[in-house]
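To start, the structure under review is shown below, and the notes come after it.
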Amino acid sequence: MTTRGRPTLEAVARRAGVSRATVSRVVNGSTTVAASIRDVVNQAVEELGYVPNQAARSLVTRQTDSIALILPETANRVFSDDLFFPAIIRGVGAELEAADKQLVLMMTGSPAGHHRVERYAVAGHVDGVMFASIHGADPLPAALARKGIPVVCSGRPMHEDPPVPYVDVDHAGGVAAAVRHLVAGGRRRIATIAGPQDMVAGIERLIGYRQTLRAAGLPELVAAGDFTRESGVAAMRDLLDRDPELDAVFAASDLMAHGALQTLRAAGRQVPGDVAIIGFDDFEISRYTDPQLTTVRQPIGEAGRTMARQMLRLIAEDPDVPPSIVLPTELIIRASA
């Protein structure tokens, strides 16, 4: 018997000379079937070209083999020139593909988007949910975790009831290395273009800047940005208006650093002669700015892969999944500082 030309479980059972239930157990990975019978069934599956019905298989295994990656952003932001999202998606996708799992990409840039994702996950369409780029004390990760859905976050979530596993990078340590490098180079009026303060990455990078300047006995000068190139342009204008004698800038993202370079060039300031500048990310753009950008490298792709590995361990009910993993950063010195 076939369905629209596709071989069925019954056809495989007849070819193998076993019951339909036995074929079902073999196809769904049961270890209770004798090895000799598994071999016969697998041979029949191969000969007939049988492909398991995923919906029926999910009823047996209670798994969909699909995992969601949630980006709490609008589509315009995700598909802008911000290179964080492609990097995290590539990392997650590569790890899930190796595990034969399907990646489901969803964006939740509005309250309606949050409700849609919650309904989708609770309905059992995915085996787990990963979050990247969380803003504020977003209640959705914890809400899903309370419903028994495996959850992993990229970046430490502010809402920790219940706590969910996360993968992050050493933001403050990376910034401290950058600011110490500027101080060692003789810079004394060091400003920062901070990231958004409703995100852990923005908060911790500003903390790293402030703590390191205070340890060096130097004054702070902070302008607000949102990790975009445009915010870097505007923040750099603000900084020059407030302190025309500043001699260095740490920008909390490469895109903001690129925007700051544009403003400095328009103002007739030489980089690094008049003003040294350091970014954070080590996106490809940092090697093509003029001058090339000194920056803090964060392993975004590895963070994505690590997050996916955490998720796979949660789904497998591994009791030893670590609650948090923090990956190291590295200062990459180029011509801008």
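Ordered as shown in the structure tokens, chains take letters A, B, and onward, while each chain numbers its residues from 1 and ligands are numbered from 1 in the order shown.
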
Identify, on the basis of only C-alpha atoms, every residue whose closest approach to Ile88 of chain A does not exceed 9 Å; exclude the query and any residue fewer than 3 positions from it along the same chain; express the result as a PyMOL selection string. chain A and resi 83-85+91-93+132+154+300-305

Going by DSSP on the backbone, which residues of segment 136-215 of chain A come out as strand (DSSP E)? List them as number ranges by chain. A: 151-154, 166-169, 190-194

Dump of N, CA and C atoms for the selected residues, as a compact mmCIF listing (two decimals), in the first residue's frame:
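As a result, out.txt now contains:
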```
# COMPACT_ATOMS: atom_id res chain seq x y z
N VAL A 151 14.54 26.29 27.07
CA VAL A 151 14.87 27.64 26.63
C VAL A 151 16.35 27.90 26.87
N VAL A 152 17.02 28.53 25.90
CA VAL A 152 18.40 28.99 26.05
C VAL A 152 18.47 30.40 25.48
N CYS A 153 19.22 31.28 26.14
CA CYS A 153 19.34 32.66 25.69
C CYS A 153 20.77 32.97 25.26
N SER A 154 20.89 33.83 24.24
CA SER A 154 22.17 34.42 23.90
C SER A 154 22.25 35.74 24.64
N TYR A 166 22.10 30.34 29.64
CA TYR A 166 22.45 31.35 28.65
C TYR A 166 23.91 31.22 28.25
N VAL A 167 24.20 31.77 27.07
CA VAL A 167 25.57 31.85 26.55
C VAL A 167 25.86 33.32 26.30
N ASP A 168 26.96 33.81 26.82
CA ASP A 168 27.29 35.23 26.66
C ASP A 168 28.79 35.37 26.40
N VAL A 169 29.23 36.61 26.20
CA VAL A 169 30.67 36.88 26.04
C VAL A 169 31.10 37.83 27.16
N ILE A 190 39.04 60.23 27.23
CA ILE A 190 38.49 59.07 26.53
C ILE A 190 36.97 59.04 26.70
N ALA A 191 36.27 59.18 25.59
CA ALA A 191 34.81 59.14 25.59
C ALA A 191 34.32 57.76 25.19
N THR A 192 33.02 57.52 25.38
CA THR A 192 32.42 56.29 24.89
C THR A 192 31.09 56.58 24.21
N ILE A 193 30.80 55.82 23.18
CA ILE A 193 29.46 55.77 22.60
C ILE A 193 28.85 54.46 23.10
N ALA A 194 27.94 54.58 24.05
CA ALA A 194 27.40 53.40 24.74
C ALA A 194 26.31 52.74 23.92
```

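Among the candidate residues A:Leu264, A:Ser133, A:Asp238, A:Ala94, the one lying nearest to Met107 of chain A is A:Ser133, with distances computed using only C-alpha atoms.
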
Give one line per residue of segment 225-327 of chain A that approaches segment 140-150 of chain A to at most 9 Å, naming the two atoms of the closest pair and their distance in Å to one decimal, counting only C-alpha atoms; sort by chain then ascending residue number and deliver it as a Markdown table.
```
| residue | atom | partner | partner_atom | distance |
| --- | --- | --- | --- | --- |
| A:Met311 | CA | A:Pro150 | CA | 7.0 |
| A:Leu314 | CA | A:Pro150 | CA | 6.2 |
| A:Ile315 | CA | A:Pro150 | CA | 6.6 |
```

Selected residues written out, C-alpha atoms, as a PDB file, in the first residue's frame:
```
ATOM      1  CA  MET A 311      19.628  23.420  23.561  1.00  0.00           C
ATOM      2  CA  LEU A 314      18.352  20.251  27.255  1.00  0.00           C
ATOM      3  CA  ILE A 315      16.135  18.410  24.774  1.00  0.00           C
TER       4      ILE A 315
END
```

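Distance annotation: of A:Asp247, A:Asp127, A:Glu118, A:Asp39, the residue with the minimal separation from Ser66 of chain A is A:Asp127; atom set is only C-alpha atoms.
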